[in-house]
Amino acid sequence: MRRVFPVLSNLGVANGITTLGAVFGFLGILSASNGNLRVAGTCLLGAILCDRLDGPVAHWLGEKSSFGGHLDSLSDGLTLCLLPAFLGYRIGLESAGAITILCMYVLAGLWRLADFNLTGIGVREGRTFFRGIPTTVAASWLLVVLSAEVHVSSALTRGVLLTAYAACALLMSSRIQYPKEGAATKILYVAVPMATALLWLPASH
């Protein structure tokens with residue numbers, strides 16, 4: 001089989017998790033296009049979890065490879081850049097200005113992923129940090145804000161949501177040093193599951 005399909009030589013648990021994340025991204029876009037924002041948001045959660053797990057699993061199982069790194073970036077482009085932006089559009093960010101900001105978010109995320117492949121993770125005074133916030137973190141915070149917008153849906157909350165997209169785009173592109181396991185990331189371990197659960201509660205409007 002691998003002689004006919006040589007790409008299968010890269011099969012492994014870690015790459016399987018990355019691939020599952022891409023599947024979540026595609027299913028999330030399909031769900032959002034059909035107006036099922038709850039399922040789409042849950043798919044985004046699944047993609048975030050896969051992105052959080054594939055790296056450690058690759059390290060534990062000795063499966064780290066250049067192929068896995070490239071696959072991870074391609075998957076993240078779909079799940080953490082395109083899916084959150086499309087969710088924002090389906091929720092109501094449809095004006096020309098809003099679409100411009102959504103495009104900024106997608107492009108900032110893609111450029112962030114490409115830059116990370118070159119620069120990697122920095123270490124200073126024994127602390128590990130990213131240059132600019134990771135796409136996983138940006139998508140996670142957007143999921144939290146999106147879950148509130150699904151329930152409240154007002155001009156004010158759409159403004160907050162649009163500001164969140166713009167802020168994430170700028171922070172992903174910036175030189176800010178973001179600690180790998182800082183307080184902001186640890187808060188997301190609780191906030192993201194809670195936000196996803198909130199999506200499934202009866203809407204208030």
# chains A, B, ... in the order shown; residues from 1 in each chain; ligands from 1

$ residues_around --residues "A:Cys168" --least-positions-apart "5" --cutoff "9 Å" --atoms "only C-alpha atoms" --output "short mmCIF file (atom, residue, chain, number, x, y, z; two decimals) with C-alpha atoms, in the first residue's frame"
data_model
loop_
_atom_site.label_atom_id
_atom_site.label_comp_id
_atom_site.auth_asym_id
_atom_site.auth_seq_id
_atom_site.Cartn_x
_atom_site.Cartn_y
_atom_site.Cartn_z
CA TYR A 105 -7.74 37.89 10.89
CA ALA A 108 -2.66 37.41 10.06
CA GLY A 109 -3.20 33.82 11.17
CA ILE A 133 -0.03 35.08 20.25
CA THR A 135 -3.43 30.96 16.39
CA VAL A 137 -5.00 31.09 21.58
CA ALA A 138 -6.63 33.59 19.21
CA ALA A 139 -9.25 31.04 18.09
CA TRP A 141 -10.62 33.59 22.85
CA LEU A 142 -12.82 34.14 19.80
CA THR A 163 -12.99 44.32 18.03
CA SER A 173 1.27 39.70 13.95
#

$ residues_around --residues "A:Gly21" --least-positions-apart "2" --cutoff "12 Å" --atoms "only C-alpha atoms" --output "PyMOL selection string"
chain A and resi 14-19+23-28+42-54+71-80+83+136

$ select_by_dssp --residues "stretch 4-201 of chain A" --states "strand (DSSP E or B)" --output "MDAnalysis selection string"
chainID A and resid 122:124 127:131 177:179

$ write_last_selection --atoms "C-alpha atoms" --output "short mmCIF file (atom, residue, chain, number, x, y, z; two decimals), in the first residue's frame"
data_model
loop_
_atom_site.label_atom_id
_atom_site.label_comp_id
_atom_site.auth_asym_id
_atom_site.auth_seq_id
_atom_site.Cartn_x
_atom_site.Cartn_y
_atom_site.Cartn_z
CA GLY A 122 12.00 31.47 21.89
CA VAL A 123 13.55 31.00 25.34
CA ARG A 124 14.58 33.87 27.58
CA ARG A 127 10.99 30.89 30.11
CA THR A 128 9.52 29.63 26.85
CA PHE A 129 7.52 32.11 24.81
CA PHE A 130 5.96 32.70 21.40
CA ARG A 131 6.47 35.82 19.30
CA GLN A 177 6.23 37.79 23.90
CA TYR A 178 3.47 35.37 24.86
CA PRO A 179 4.44 32.80 27.55
#

$ closest_residue --among "A:Val7, A:Asp115, A:His59, A:Leu102" --to "A:Arg175" --atoms "only C-alpha atoms"
A:Asp115

$ closest_residue --among "A:Leu87, A:Leu61, A:Leu11, A:Leu199" --to "A:Gly35" --atoms "only C-alpha atoms"
A:Leu87

$ atom_distance --atom1 "atom CA of A:Val190" --atom2 "atom CA of A:Leu161"
20.0 Å

$ closest_residue --among "A:Pro56, A:Arg90, A:Gly68, A:Met172" --to "A:Asn34" --atoms "only C-alpha atoms"
A:Arg90

$ closest_residue --among "A:His70, A:Lys180, A:His151, A:Arg38" --to "A:Gly132" --atoms "only C-alpha atoms"
A:Lys180

$ closest_residue --among "A:Ser31, A:Thr157, A:Ser65, A:Ser95" --to "A:Ser9" --atoms "only C-alpha atoms"
A:Ser65

$ closest_residue --among "A:Val192, A:Ala22, A:Ala155, A:Val57" --to "A:Leu93" --atoms "only C-alpha atoms"
A:Ala155
